[in-house]
Each structure stands twice: as C-alpha cells, then as structure tokens.
Amino acid sequence: MKIKAPRNKTVVVSSEDELKYNGGLINLKNAVKTEDVMNKIINQDLFEALKYLPSGFVDLLILDPPYNLSKKFNVVKFNKITINDYSEWIEKFIVELKRTLKPDATVYFCSDWNSSTSVHLVMQKYFKVQNRITWEREKGRGSKTNWKNNSEDIWFCTCSNNYTFNIEDVKMKRKVIAPYRTIDGDPKDWLEDENGSFRITYPSNIWNDISVPFWSMKENTEHPTQKPEKLIAKLILASSNKGDVVLDPFMGSGTSAVTAKKLGRNFVGIEIDKKYCFLAAKRIEMAENDIKIQGYKDGIFWERNSSNS
C-alpha cells in the first residue's frame, strides 16, 4: 500500500481488510427473504442477483450505473454505446428492479448529459417522472474544444402519486446578499449569528452546494465516480423515513449504504467488483463511530465552503 500524504484521508483497502470483510459479503443462489439481505452487501452481477430478490420490499431505489461513456472501473470496463443501445440496457434492469419496489416507492436515477436522454425515455415508460435535479459537480480543468462538463442530472421518479417527500428535512442555510429589515429594524425572513446573515430556504432542483469528494475528505475513496454523501443524504432524507429500505444496485464504494446507515435507514447494496465491496464494508464500519455528513448539521444543509461544511 502506498504511503499517503499527511492530509490525505482517502479510504483504501489493505490485504488485512480484504480478509476481514470478505466473510460478510453475500452471493444469492436462491430466492431470499427481506431479512436475508437487510443491511448486506451482495457481491454479484446485478442481473443474476435480481432473480432472487424479494418483491415489494424497497422504499427508495438509488440508481447510479455506469454512464454512457467509455470508462474503466477497477477490473470492469464500460464502453460507450449508442443512445438507443444504452436505453435498451437500462430498460432491462429497470423492468426487473420495479418488482422489488413498494407501491409508494421513489426512484432516483443519476446520469450525465449524454445518458440523460436514455434515462428519461425509459423511466417515463415505467414510472411517474416528477422532476430532474441538476447538480453542479465542479471538477476537472475543462476542454479547449468544448464547454466544460460541469453538471450531472438526477431523475426523480415515483411509482405512483402517493409517495414520501419530507421537504422540511432538506432545507438549506444560505447567506443573505441583501438582508432587508422591517420598519422596527428586525431581520425580515432571515437570521443573524456570529457567522453572518442567513436564510433557511426550501431547496430547488438546482444544487450548487455539493463538492465532489477529494483526497482531504474522510469520505473519499479510490472509486473513480464516487458520489458525495451530502448529495445522497438529500435524496434519502427527502424520500424515505427512518427504518425504510434503501436499495443501491450499483453500489460502487458504498456511499448510499453508508449514508443510509448514518441517517437511520436500512440498506441493500449490490456490487460486482469485490474491491469496491471491501471499500463499502470498511466505510460502513467506520460509520458506526462517525455519523457526520460533511455540509449537513443540525438538520440543515449548508452552502458549499461555508463554515459548517
């Protein structure tokens, strides 16, 4: 294992970790009950595992599959295909996954600009598409021949018009640019503390308060497309309740599972790459002693780079 710089907090897996966590991974060979997979990591090909998952047990489905571009994920490589072929690929697992959802379940589907067309086309066939969230990713140096790819989409879909949406749990604390006061001089619809003037607001579908994990953050891993815990926390808090089941069938390094655990939800994760399963297992264990989520404190999401981020 490489020696890290003093401020580098990236979570890595050692040979000792592999021995420690290997026994906790499961592989499905027969139909299982909900309790058999609850808070478990399934190290298996998704299409194989789907055959054995129970029906109607998932409250929240978070989908973050490989985007439609050529990229290597440790030992697995995904090659860019046509929009139509990508649509056919995601439709295959969407049809199977829908069986696992409760009638009032919610689905969030992550995508980039190129994959987004396929996602919308498929999801509107099987779900009610409620909205599209766009988050400002802010990573990379850009291109001299094109606009810098600086955002990603998250499609918000539900199984029906009866679904969970806890708007009070995802409020944001924003700095007030023009702090208006009443005639009596009192703050008008804003708060004032030692850090300045702030307003507690409802969130929109444009998210610019989230940083991509980097080497000095405790949640960072070696996974090339890791989602931030803060981003996943918004999805989980808004669209599930404590004790609910969150399924992530493309778990990667485990951000959805880790965040679900920190927020009092149950998780089920499926991941084909064993190294990423080990990363997820290690992070889940770490979450037992540290439930903090960077940028989220006292039930409020803070702006990027503000004092409590």
# chains A, B, ... in the order shown; residues from 1 in each chain; ligands from 1

call {"tool": "residues_around", "arguments": {"residues": "stretch 202-213 of chain A", "least_positions_apart": "5", "cutoff": "6 Å", "atoms": "only C-alpha atoms", "output": "list in words"}}
result
Ile133, Thr134, Trp135, Glu136, Lys171, Asn220, Pro228, Glu303 and Arg304 of chain A

call {"tool": "closest_residue", "arguments": {"among": "A:Lys230, A:Asn39, A:Glu271, A:Ala287", "to": "A:Val76", "atoms": "only C-alpha atoms"}}
result
A:Glu271

call {"tool": "atom_distance", "arguments": {"atom1": "atom CA of A:Ser70", "atom2": "atom CA of A:Ile41"}}
result
26.2 Å

call {"tool": "residues_around", "arguments": {"residues": "A:Arg174", "least_positions_apart": "6", "cutoff": "8 Å", "atoms": "only C-alpha atoms", "output": "list in words"}}
result
Phe198, Arg199, Ile200, Thr201, Trp302 and Glu303 of chain A

call {"tool": "write_last_selection", "arguments": {"atoms": "N, CA and C atoms", "output": "JSON list (two decimals), in the first residue's frame"}}
result
[["chain", "number", "residue", "atom", "x", "y", "z"],
["A", 198, "PHE", "N", -28.11, 34.76, 7.43],
["A", 198, "PHE", "CA", -28.52, 33.55, 6.73],
["A", 198, "PHE", "C", -30.04, 33.47, 6.63],
["A", 199, "ARG", "N", -30.48, 32.74, 5.62],
["A", 199, "ARG", "CA", -31.91, 32.44, 5.46],
["A", 199, "ARG", "C", -32.08, 30.94, 5.30],
["A", 200, "ILE", "N", -33.04, 30.36, 6.01],
["A", 200, "ILE", "CA", -33.36, 28.93, 5.86],
["A", 200, "ILE", "C", -34.37, 28.81, 4.73],
["A", 201, "THR", "N", -34.02, 28.12, 3.65],
["A", 201, "THR", "CA", -34.87, 28.08, 2.47],
["A", 201, "THR", "C", -35.20, 26.66, 2.05],
["A", 302, "TRP", "N", -25.78, 23.10, 4.56],
["A", 302, "TRP", "CA", -25.06, 24.35, 4.44],
["A", 302, "TRP", "C", -24.52, 24.54, 3.04],
["A", 303, "GLU", "N", -24.31, 25.81, 2.67],
["A", 303, "GLU", "CA", -23.74, 26.11, 1.37],
["A", 303, "GLU", "C", -22.33, 25.56, 1.25]]

call {"tool": "residues_around", "arguments": {"residues": "A:Ala5", "least_positions_apart": "5", "cutoff": "12 Å", "atoms": "only C-alpha atoms", "output": "list of chain:residue names"}}
result
A:Thr10, A:Trp215, A:Ser216

call {"tool": "select_by_dssp", "arguments": {"residues": "stretch 93-270 of chain A", "states": "alpha helix (DSSP H)", "output": "PyMOL selection string"}}
result
chain A and resi 93-98+113-126+229-239+255-262

call {"tool": "write_last_selection", "arguments": {"atoms": "C-alpha atoms", "output": "CSV table (one decimal), in the first residue's frame"}}
result
chain,number,residue,atom,x,y,z
A,93,PHE,CA,-32.7,-3.8,-15.2
A,94,ILE,CA,-35.5,-1.3,-14.7
A,95,VAL,CA,-38.1,-3.9,-15.6
A,96,GLU,CA,-36.6,-6.3,-13.1
A,97,LEU,CA,-36.0,-3.8,-10.3
A,98,LYS,CA,-39.5,-2.4,-10.4
A,113,TRP,CA,-25.8,14.9,-20.1
A,114,ASN,CA,-25.4,12.2,-22.7
A,115,SER,CA,-27.0,9.4,-20.6
A,116,SER,CA,-29.9,11.7,-19.6
A,117,THR,CA,-31.9,11.3,-22.8
A,118,SER,CA,-32.0,7.5,-22.4
A,119,VAL,CA,-32.9,7.7,-18.7
A,120,HIS,CA,-35.9,9.9,-19.4
A,121,LEU,CA,-37.1,7.8,-22.3
A,122,VAL,CA,-37.1,4.7,-20.2
A,123,MET,CA,-38.2,6.0,-16.8
A,124,GLN,CA,-41.3,7.7,-18.2
A,125,LYS,CA,-42.5,4.3,-19.5
A,126,TYR,CA,-42.5,2.7,-16.1
A,229,GLU,CA,-22.5,11.7,1.0
A,230,LYS,CA,-24.1,15.1,1.1
A,231,LEU,CA,-25.8,14.6,-2.3
A,232,ILE,CA,-27.1,11.1,-1.3
A,233,ALA,CA,-28.3,12.4,2.1
A,234,LYS,CA,-30.7,14.8,0.4
A,235,LEU,CA,-32.2,12.0,-1.6
A,236,ILE,CA,-32.6,9.7,1.4
A,237,LEU,CA,-33.9,12.4,3.8
A,238,ALA,CA,-36.4,13.7,1.3
A,239,SER,CA,-37.8,10.4,0.0
A,255,THR,CA,-22.0,5.9,-0.5
A,256,SER,CA,-25.7,5.1,-0.5
A,257,ALA,CA,-25.3,2.4,2.1
A,258,VAL,CA,-23.0,4.5,4.4
A,259,THR,CA,-25.4,7.5,4.2
A,260,ALA,CA,-28.4,5.3,4.8
A,261,LYS,CA,-26.8,3.9,7.9
A,262,LYS,CA,-25.8,7.4,9.2

call {"tool": "atom_distance", "arguments": {"atom1": "atom CA of A:Glu152", "atom2": "atom CA of A:Arg137"}}
result
6.8 Å

call {"tool": "select_by_dssp", "arguments": {"residues": "stretch 8-42 of chain A", "states": "strand (DSSP E)", "output": "ChimeraX atom specification"}}
result
/A:25-26,40-42

call {"tool": "write_last_selection", "arguments": {"atoms": "N, CA and C atoms", "output": "compact mmCIF listing (two decimals), in the first residue's frame"}}
result
# COMPACT_ATOMS: atom_id res chain seq x y z
N LEU A 25 -19.61 -10.54 2.87
CA LEU A 25 -20.26 -10.37 1.58
C LEU A 25 -21.13 -11.59 1.29
N ILE A 26 -22.26 -11.37 0.60
CA ILE A 26 -23.13 -12.49 0.28
C ILE A 26 -23.32 -12.62 -1.23
N LYS A 40 -26.98 -5.75 4.01
CA LYS A 40 -25.96 -6.65 3.46
C LYS A 40 -25.40 -6.09 2.15
N ILE A 41 -24.18 -6.50 1.86
CA ILE A 41 -23.55 -6.20 0.57
C ILE A 41 -23.57 -7.47 -0.27
N ILE A 42 -24.22 -7.39 -1.42
CA ILE A 42 -24.31 -8.53 -2.33
C ILE A 42 -23.23 -8.36 -3.40
